[in-house]
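To be precise, the following lines are final31.pdb, and they hold PDB, C-alpha atoms.
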```pdb
ATOM      1  CA  MET P 923      32.443 -41.510  18.620
ATOM      2  CA  GLY P 924      34.635 -39.690  21.120
ATOM      3  CA  ILE P 925      37.806 -37.774  20.274
ATOM      4  CA  SER P 926      40.866 -39.976  20.678
ATOM      5  CA  ARG P 927      44.569 -38.995  20.765
ATOM      6  CA  THR P 928      45.938 -42.359  19.591
ATOM      7  CA  SER P 929      47.686 -42.970  16.283
ATOM      8  CA  ARG P 930      46.473 -46.567  15.892
ATOM      9  CA  HIS P 931      44.021 -45.477  13.179
ATOM     10  CA  LYS P 932      46.911 -44.105  11.108
ATOM     11  CA  ARG P 933      48.726 -46.172   8.503
ATOM     12  CA  SER P 934      52.325 -47.232   9.093
ATOM     13  CA  ALA P 935      55.289 -45.562   7.362
ATOM     14  CA  THR P 936      55.126 -48.154   4.545
ATOM     15  CA  GLY P 937      51.373 -47.624   4.048
ATOM     16  CA  ALA P 938      50.096 -50.752   5.777
ATOM     17  CA  GLN P 939      46.843 -50.544   7.774
ATOM     18  CA  ARG P 940      47.349 -51.344  11.436
ATOM     19  CA  ALA P 941      45.305 -54.097  13.073
ATOM     20  CA  HIS P 942      42.430 -53.068  15.395
ATOM     21  CA  TYR P 943      43.389 -55.021  18.467
ATOM     22  CA  ARG P 944      41.648 -52.934  21.139
ATOM     23  CA  LYS P 945      38.939 -50.344  21.707
ATOM     24  CA  LYS P 946      39.473 -46.718  22.712
ATOM     25  CA  ARG P 947      40.773 -46.112  26.245
ATOM     26  CA  LYS P 948      39.846 -43.440  28.763
ATOM     27  CA  PHE P 949      43.484 -42.326  29.103
ATOM     28  CA  GLU P 950      43.628 -41.656  25.343
ATOM     29  CA  LEU P 951      40.678 -39.250  25.275
ATOM     30  CA  GLY P 952      40.686 -35.812  23.714
ATOM     31  CA  ARG P 953      38.223 -32.948  24.257
ATOM     32  CA  GLN P 954      36.569 -30.345  22.068
ATOM     33  CA  PRO P 955      38.674 -27.193  21.427
ATOM     34  CA  ALA P 956      37.924 -24.193  23.643
ATOM     35  CA  ASN P 957      37.818 -21.700  20.716
ATOM     36  CA  THR P 958      38.323 -18.810  23.160
ATOM     37  CA  LYS P 959      36.670 -15.649  21.843
ATOM     38  CA  LEU P 960      36.974 -11.950  22.681
ATOM     39  CA  GLY P 961      34.363 -10.825  25.210
ATOM     40  CA  ALA P 962      33.437 -10.550  28.881
ATOM     41  CA  LYS P 963      35.524 -13.051  30.883
ATOM     42  CA  ARG P 964      33.965 -16.513  31.073
ATOM     43  CA  VAL P 965      36.036 -19.485  32.291
ATOM     44  CA  HIS P 966      34.813 -23.045  32.941
ATOM     45  CA  THR P 967      36.652 -25.605  35.079
ATOM     46  CA  VAL P 968      37.224 -29.095  33.688
ATOM     47  CA  ARG P 969      38.069 -32.026  35.970
ATOM     48  CA  VAL P 970      40.867 -34.046  34.345
ATOM     49  CA  ARG P 971      42.825 -37.262  34.940
ATOM     50  CA  GLY P 972      44.309 -37.415  38.419
ATOM     51  CA  GLY P 973      41.728 -35.026  39.891
ATOM     52  CA  SER P 974      43.474 -31.888  38.593
ATOM     53  CA  LEU P 975      41.590 -28.967  37.098
ATOM     54  CA  LYS P 976      41.986 -27.217  33.757
ATOM     55  CA  TYR P 977      40.547 -23.768  33.200
ATOM     56  CA  ARG P 978      38.752 -23.604  29.874
ATOM     57  CA  ALA P 979      38.485 -19.932  28.862
ATOM     58  CA  LEU P 980      35.441 -19.456  26.613
ATOM     59  CA  ARG P 981      35.708 -15.657  26.484
ATOM     60  CA  LEU P 982      38.486 -13.289  27.591
ATOM     61  CA  GLU P 983      38.948  -9.531  27.277
ATOM     62  CA  SER P 984      42.315  -8.806  28.931
ATOM     63  CA  GLY P 985      45.642 -10.318  29.928
ATOM     64  CA  ASN P 986      49.087  -9.624  31.400
ATOM     65  CA  PHE P 987      51.642  -8.619  28.779
ATOM     66  CA  ALA P 988      55.393  -8.226  29.256
ATOM     67  CA  TRP P 989      57.404  -5.449  27.629
ATOM     68  CA  GLY P 990      60.715  -7.336  27.502
ATOM     69  CA  SER P 991      63.167  -4.526  26.725
ATOM     70  CA  GLU P 992      61.780  -2.383  29.579
ATOM     71  CA  HIS P 993      61.421  -5.296  32.055
ATOM     72  CA  THR P 994      57.825  -4.462  32.933
ATOM     73  CA  THR P 995      54.491  -6.274  32.752
ATOM     74  CA  LYS P 996      51.045  -4.670  32.674
ATOM     75  CA  LYS P 997      47.471  -5.915  32.561
ATOM     76  CA  THR P 998      45.796  -4.508  29.461
ATOM     77  CA  ARG P 999      42.762  -4.909  27.196
ATOM     78  CA  ILE P1000      42.913  -7.151  24.120
ATOM     79  CA  ILE P1001      41.522  -5.308  21.078
ATOM     80  CA  SER P1002      41.614  -7.844  18.225
ATOM     81  CA  VAL P1003      43.407 -10.786  16.600
ATOM     82  CA  VAL P1004      45.438  -9.680  13.564
ATOM     83  CA  TYR P1005      47.444 -12.747  12.489
ATOM     84  CA  ASN P1006      47.573 -16.498  13.038
ATOM     85  CA  ALA P1007      50.175 -18.666  11.297
ATOM     86  CA  SER P1008      47.967 -21.784  11.353
ATOM     87  CA  ASN P1009      44.577 -20.567  10.138
ATOM     88  CA  ASN P1010      43.085 -17.295   8.814
ATOM     89  CA  GLU P1011      39.662 -18.384  10.080
ATOM     90  CA  LEU P1012      40.943 -17.847  13.645
ATOM     91  CA  VAL P1013      41.735 -14.222  12.729
ATOM     92  CA  ARG P1014      38.305 -13.598  11.197
ATOM     93  CA  THR P1015      36.514 -15.020  14.268
ATOM     94  CA  ASN P1016      38.873 -13.319  16.795
ATOM     95  CA  THR P1017      39.826 -16.659  18.368
ATOM     96  CA  LEU P1018      42.511 -16.474  21.083
ATOM     97  CA  VAL P1019      45.059 -19.295  20.963
ATOM     98  CA  LYS P1020      48.733 -19.648  21.871
ATOM     99  CA  SER P1021      51.081 -17.798  19.449
ATOM    100  CA  ALA P1022      48.246 -15.705  17.967
ATOM    101  CA  ILE P1023      49.327 -12.152  17.100
ATOM    102  CA  ILE P1024      46.959  -9.613  18.626
ATOM    103  CA  GLN P1025      46.563  -5.877  19.182
ATOM    104  CA  ILE P1026      46.441  -4.625  22.770
ATOM    105  CA  ASP P1027      45.688  -1.266  24.368
ATOM    106  CA  ALA P1028      48.949   0.717  24.747
ATOM    107  CA  THR P1029      47.662   3.031  27.544
ATOM    108  CA  PRO P1030      49.071   1.114  30.610
ATOM    109  CA  PHE P1031      52.529   0.892  28.994
ATOM    110  CA  ARG P1032      52.484   4.553  27.918
ATOM    111  CA  GLN P1033      51.501   5.679  31.444
ATOM    112  CA  TRP P1034      54.267   3.542  32.976
ATOM    113  CA  TYR P1035      56.889   4.880  30.518
ATOM    114  CA  GLU P1036      55.943   8.527  31.121
ATOM    115  CA  SER P1037      56.010   8.136  34.909
ATOM    116  CA  HIS P1038      59.272   6.119  34.840
ATOM    117  CA  TYR P1039      61.235   8.367  32.458
ATOM    118  CA  ALA P1040      59.315  11.649  33.053
ATOM    119  CA  GLN P1041      59.072  12.248  29.302
ATOM    120  CA  PRO P1042      56.490  11.383  26.621
ATOM    121  CA  VAL P1043      56.805   8.025  24.878
ATOM    122  CA  THR P1044      56.262   9.574  21.440
ATOM    123  CA  LYS P1045      56.918  12.987  19.893
ATOM    124  CA  LYS P1046      53.507  12.976  18.189
ATOM    125  CA  GLY P1047      50.852  14.805  20.221
ATOM    126  CA  LYS P1048      53.524  16.289  22.527
ATOM    127  CA  THR P1049      52.318  19.867  22.058
ATOM    128  CA  GLN P1050      48.869  19.038  23.439
ATOM    129  CA  ALA P1051      50.254  17.397  26.588
ATOM    130  CA  ALA P1052      52.843  20.131  27.298
ATOM    131  CA  PRO P1053      50.599  22.762  28.994
ATOM    132  CA  ALA P1054      49.265  20.292  31.567
ATOM    133  CA  ASP P1055      52.769  19.104  32.450
ATOM    134  CA  ALA P1056      54.201  22.647  32.587
ATOM    135  CA  ALA P1057      51.482  23.829  34.991
ATOM    136  CA  GLU P1058      53.183  22.354  38.054
ATOM    137  CA  PRO P1059      56.683  20.834  37.673
ATOM    138  CA  LYS P1060      57.431  18.175  40.283
ATOM    139  CA  LYS P1061      60.193  19.126  42.763
ATOM    140  CA  LEU P1062      62.759  16.325  43.081
ATOM    141  CA  SER P1063      65.629  15.807  45.499
ATOM    142  CA  ASN P1064      69.167  15.881  44.078
ATOM    143  CA  HIS P1065      69.447  12.088  44.343
ATOM    144  CA  ALA P1066      66.085  11.514  42.593
ATOM    145  CA  GLN P1067      67.006  14.022  39.875
ATOM    146  CA  ARG P1068      70.361  12.291  39.202
ATOM    147  CA  SER P1069      68.601   8.920  39.097
ATOM    148  CA  LEU P1070      66.055  10.283  36.610
ATOM    149  CA  ASP P1071      68.796  11.788  34.430
ATOM    150  CA  GLU P1072      70.546   8.395  34.278
ATOM    151  CA  LYS P1073      67.279   6.725  33.254
ATOM    152  CA  LYS P1074      66.691   9.294  30.512
ATOM    153  CA  LYS P1075      70.054   8.423  28.924
ATOM    154  CA  GLU P1076      68.744   4.863  28.326
ATOM    155  CA  ALA P1077      65.238   5.940  27.270
ATOM    156  CA  LYS P1078      65.448   4.874  23.638
ATOM    157  CA  ILE P1079      62.382   3.448  21.925
ATOM    158  CA  ASP P1080      62.079   1.522  18.657
ATOM    159  CA  PRO P1081      60.582   3.733  15.872
ATOM    160  CA  LEU P1082      58.131   0.921  15.028
ATOM    161  CA  LEU P1083      56.934   0.848  18.654
ATOM    162  CA  GLU P1084      56.771   4.646  18.712
ATOM    163  CA  SER P1085      54.327   4.710  15.791
ATOM    164  CA  GLN P1086      52.221   2.055  17.546
ATOM    165  CA  PHE P1087      52.148   4.132  20.740
ATOM    166  CA  ALA P1088      50.978   7.114  18.672
ATOM    167  CA  ALA P1089      48.090   4.958  17.377
ATOM    168  CA  GLY P1090      47.352   3.704  20.914
ATOM    169  CA  ARG P1091      47.707   0.017  19.995
ATOM    170  CA  LEU P1092      50.621  -2.409  20.350
ATOM    171  CA  TYR P1093      51.214  -5.732  18.604
ATOM    172  CA  ALA P1094      51.652  -8.645  21.018
ATOM    173  CA  ALA P1095      51.879 -12.438  20.961
ATOM    174  CA  ILE P1096      49.943 -14.766  23.274
ATOM    175  CA  SER P1097      52.321 -17.161  25.062
ATOM    176  CA  SER P1098      49.844 -18.845  27.441
ATOM    177  CA  ARG P1099      47.241 -21.471  26.455
ATOM    178  CA  PRO P1100      43.793 -19.902  27.004
ATOM    179  CA  GLY P1101      41.956 -23.234  26.687
ATOM    180  CA  GLN P1102      44.167 -24.894  29.339
ATOM    181  CA  SER P1103      45.089 -22.145  31.829
ATOM    182  CA  GLY P1104      42.115 -19.814  31.358
ATOM    183  CA  ARG P1105      44.420 -16.844  30.688
ATOM    184  CA  ALA P1106      45.580 -14.905  27.632
ATOM    185  CA  ASP P1107      49.011 -13.662  28.735
ATOM    186  CA  GLY P1108      51.914 -12.821  26.450
ATOM    187  CA  TYR P1109      54.519 -10.284  25.418
ATOM    188  CA  VAL P1110      54.829  -7.128  23.316
ATOM    189  CA  LEU P1111      56.450  -7.740  19.928
ATOM    190  CA  GLU P1112      59.768  -5.954  19.370
ATOM    191  CA  GLY P1113      62.817  -5.952  17.104
ATOM    192  CA  LYS P1114      63.215  -8.643  14.403
ATOM    193  CA  GLU P1115      60.112 -10.513  15.534
ATOM    194  CA  LEU P1116      57.945  -7.391  15.172
ATOM    195  CA  GLU P1117      59.389  -6.700  11.697
ATOM    196  CA  PHE P1118      58.679 -10.305  10.663
ATOM    197  CA  TYR P1119      55.020 -10.218  11.741
ATOM    198  CA  LEU P1120      54.440  -6.763  10.266
ATOM    199  CA  ARG P1121      55.594  -8.164   6.896
ATOM    200  CA  LYS P1122      53.247 -11.144   7.316
ATOM    201  CA  ILE P1123      50.281  -8.914   8.193
ATOM    202  CA  ARG P1124      51.031  -6.597   5.250
ATOM    203  CA  THR P1125      51.324  -9.444   2.690
ATOM    204  CA  GLY P1126      48.123 -11.015   4.051
ATOM    205  CA  LYS P1127      46.213  -7.763   3.510
ATOM    206  CA  GLN P1128      47.593  -7.457  -0.039
ATOM    207  CA  LYS P1129      46.448 -11.010  -0.887
ATOM    208  CA  HIS P1130      42.909 -10.282   0.355
ATOM    209  CA  ALA P1131      42.841  -7.000  -1.584
ATOM    210  CA  HIS P1132      43.617  -8.796  -4.884
ATOM    211  CA  ALA P1133      41.097 -11.596  -4.132
TER     212      ALA P1133
END
```

What would the structure in this file look like if it were written as structure tokens?
Amino acid sequence: MGISRTSRHKRSATGAQRAHYRKKRKFELGRQPANTKLGAKRVHTVRVRGGSLKYRALRLESGNFAWGSEHTTKKTRIISVVYNASNNELVRTNTLVKSAIIQIDATPFRQWYESHYAQPVTKKGKTQAAPADAAEPKKLSNHAQRSLDEKKKEAKIDPLLESQFAAGRLYAAISSRPGQSGRADGYVLEGKELEFYLRKIRTGKQKHAHA
């Protein structure tokens, strides 16, 4: 039996069984889930109704992630899945789906921040990086120096993000649909949303520890 997206097999609100007055239709079909995993990129094309194409990602290893507060987007490596509101099995198997909370490599964002603001993103490990920077200070024009000084005034970073940068991994959410678009794009978690998911991840670990 094929997968169907109808609700004719469901009972009515009062509990009555609905009559079977027709067979399944082609326009009601459903397909097997993509179950996109972490790994070397592998995307299949699926021909759908109307001659359009869907891109079924079977394995993905990177995506474009937006850092909202800094208005920048970078392509970076996906490290692992850490939380999924719908099913813990998707976390255990590292399955990439929309709204999954993942860890991504912080390097592209750290490099952008340090080149944009000309200062390290985190205080931790600053002493090691100092000699290399001090070897040859970059000569800037007066206009460029004033522009940089203005940027530095706004260069404030969330302490939670700072600790993540120190670890080299950022928490992010997937906002694309890997099984439909063939991409795992999303955004870096910040502010209240980051606090919320950190609580969820922490309570989940505590539950598993007691079990």

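When CA of Lys997 (chain P) is paired with CA of Phe1031 (chain P), their separation reads 9.2 Å.
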
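For the pair CA of Val1110 (chain P) and CA of Trp989 (chain P), the separation is 5.3 Å.
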
- Query: Can you list, as a PyMOL selection string, the residues that the PyMOL selection byres ((chain P and resi 1023) around 12) selects here?
  - Reply: chain P and resi 1000-1010+1012-1013+1016-1022+1024-1026+1092-1097+1106-1111+1115-1116+1118-1120+1122-1123

Selected residues written out, C-alpha atoms, as a PDB file, keeping the file's coordinate frame:
```
ATOM      1  CA  ILE P1000      42.913  -7.151  24.120  1.00  0.00           C
ATOM      2  CA  ILE P1001      41.522  -5.308  21.078  1.00  0.00           C
ATOM      3  CA  SER P1002      41.614  -7.844  18.225  1.00  0.00           C
ATOM      4  CA  VAL P1003      43.407 -10.786  16.600  1.00  0.00           C
ATOM      5  CA  VAL P1004      45.438  -9.680  13.564  1.00  0.00           C
ATOM      6  CA  TYR P1005      47.444 -12.747  12.489  1.00  0.00           C
ATOM      7  CA  ASN P1006      47.573 -16.498  13.038  1.00  0.00           C
ATOM      8  CA  ALA P1007      50.175 -18.666  11.297  1.00  0.00           C
ATOM      9  CA  SER P1008      47.967 -21.784  11.353  1.00  0.00           C
ATOM     10  CA  ASN P1009      44.577 -20.567  10.138  1.00  0.00           C
ATOM     11  CA  ASN P1010      43.085 -17.295   8.814  1.00  0.00           C
ATOM     12  CA  LEU P1012      40.943 -17.847  13.645  1.00  0.00           C
ATOM     13  CA  VAL P1013      41.735 -14.222  12.729  1.00  0.00           C
ATOM     14  CA  ASN P1016      38.873 -13.319  16.795  1.00  0.00           C
ATOM     15  CA  THR P1017      39.826 -16.659  18.368  1.00  0.00           C
ATOM     16  CA  LEU P1018      42.511 -16.474  21.083  1.00  0.00           C
ATOM     17  CA  VAL P1019      45.059 -19.295  20.963  1.00  0.00           C
ATOM     18  CA  LYS P1020      48.733 -19.648  21.871  1.00  0.00           C
ATOM     19  CA  SER P1021      51.081 -17.798  19.449  1.00  0.00           C
ATOM     20  CA  ALA P1022      48.246 -15.705  17.967  1.00  0.00           C
ATOM     21  CA  ILE P1024      46.959  -9.613  18.626  1.00  0.00           C
ATOM     22  CA  GLN P1025      46.563  -5.877  19.182  1.00  0.00           C
ATOM     23  CA  ILE P1026      46.441  -4.625  22.770  1.00  0.00           C
ATOM     24  CA  LEU P1092      50.621  -2.409  20.350  1.00  0.00           C
ATOM     25  CA  TYR P1093      51.214  -5.732  18.604  1.00  0.00           C
ATOM     26  CA  ALA P1094      51.652  -8.645  21.018  1.00  0.00           C
ATOM     27  CA  ALA P1095      51.879 -12.438  20.961  1.00  0.00           C
ATOM     28  CA  ILE P1096      49.943 -14.766  23.274  1.00  0.00           C
ATOM     29  CA  SER P1097      52.321 -17.161  25.062  1.00  0.00           C
ATOM     30  CA  ALA P1106      45.580 -14.905  27.632  1.00  0.00           C
ATOM     31  CA  ASP P1107      49.011 -13.662  28.735  1.00  0.00           C
ATOM     32  CA  GLY P1108      51.914 -12.821  26.450  1.00  0.00           C
ATOM     33  CA  TYR P1109      54.519 -10.284  25.418  1.00  0.00           C
ATOM     34  CA  VAL P1110      54.829  -7.128  23.316  1.00  0.00           C
ATOM     35  CA  LEU P1111      56.450  -7.740  19.928  1.00  0.00           C
ATOM     36  CA  GLU P1115      60.112 -10.513  15.534  1.00  0.00           C
ATOM     37  CA  LEU P1116      57.945  -7.391  15.172  1.00  0.00           C
ATOM     38  CA  PHE P1118      58.679 -10.305  10.663  1.00  0.00           C
ATOM     39  CA  TYR P1119      55.020 -10.218  11.741  1.00  0.00           C
ATOM     40  CA  LEU P1120      54.440  -6.763  10.266  1.00  0.00           C
ATOM     41  CA  LYS P1122      53.247 -11.144   7.316  1.00  0.00           C
ATOM     42  CA  ILE P1123      50.281  -8.914   8.193  1.00  0.00           C
TER      43      ILE P1123
END
```

- With the file shown as input, list the residues that the PyMOL selection byres ((chain P and resi 1032) around 12) selects, as a PyMOL selection string. chain P and resi 989+992+994+996+998+1027-1031+1033-1044+1079+1083-1084+1086-1092

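One distance worth recording is that between CA of Leu960 (chain P) and CA of Arg1099 (chain P), which is 14.5 Å.
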
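Between Gly985 (chain P) and the candidates P:Ser1098, P:Gln954, P:Thr928, P:Ser1085, the tightest atom-to-atom separation, counting only C-alpha atoms, involves P:Ser1098.
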
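Nearest to Lys948 (chain P) of all the residues P:Arg971, P:Lys1078, P:Lys1129, P:His931 is P:Arg971, counting all atoms listed in the file.
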
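Among the candidates P:Gly924, P:Pro1081, P:Ser1103, P:Glu1112, the one nearest to Ser974 (chain P) when counting all atoms listed in the file is P:Ser1103.
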
- Task: Write out as a list in words which residues come within 6 Å of Ser926 (chain P) when counting all atoms listed in the file, dropping same-chain ones fewer than 2 positions away.
- Result: Thr928, Glu950, Leu951 and Gly952 of chain P

- Skip Arg940 (chain P) itself and residues of its chain fewer than 3 positions away, then list as a ChimeraX atom specification all residues within 8 Å of it, counting all atoms listed in the file. /P:930-934

- Task: Enumerate, as an MDAnalysis selection string, the protein, DNA and RNA residues whose atoms approach (37.5, -18.3, 23.6) to within 6 Å, taking into account all atoms listed in the file and the coordinate frame of the file.
- Result: chainID P and resid 956:959 979:981 1017:1018

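Considering all atoms listed in the file, the residue among P:Arg1124, P:Arg927, P:Arg1105, P:Arg1014 positioned nearest to Ser984 (chain P) is P:Arg1105.
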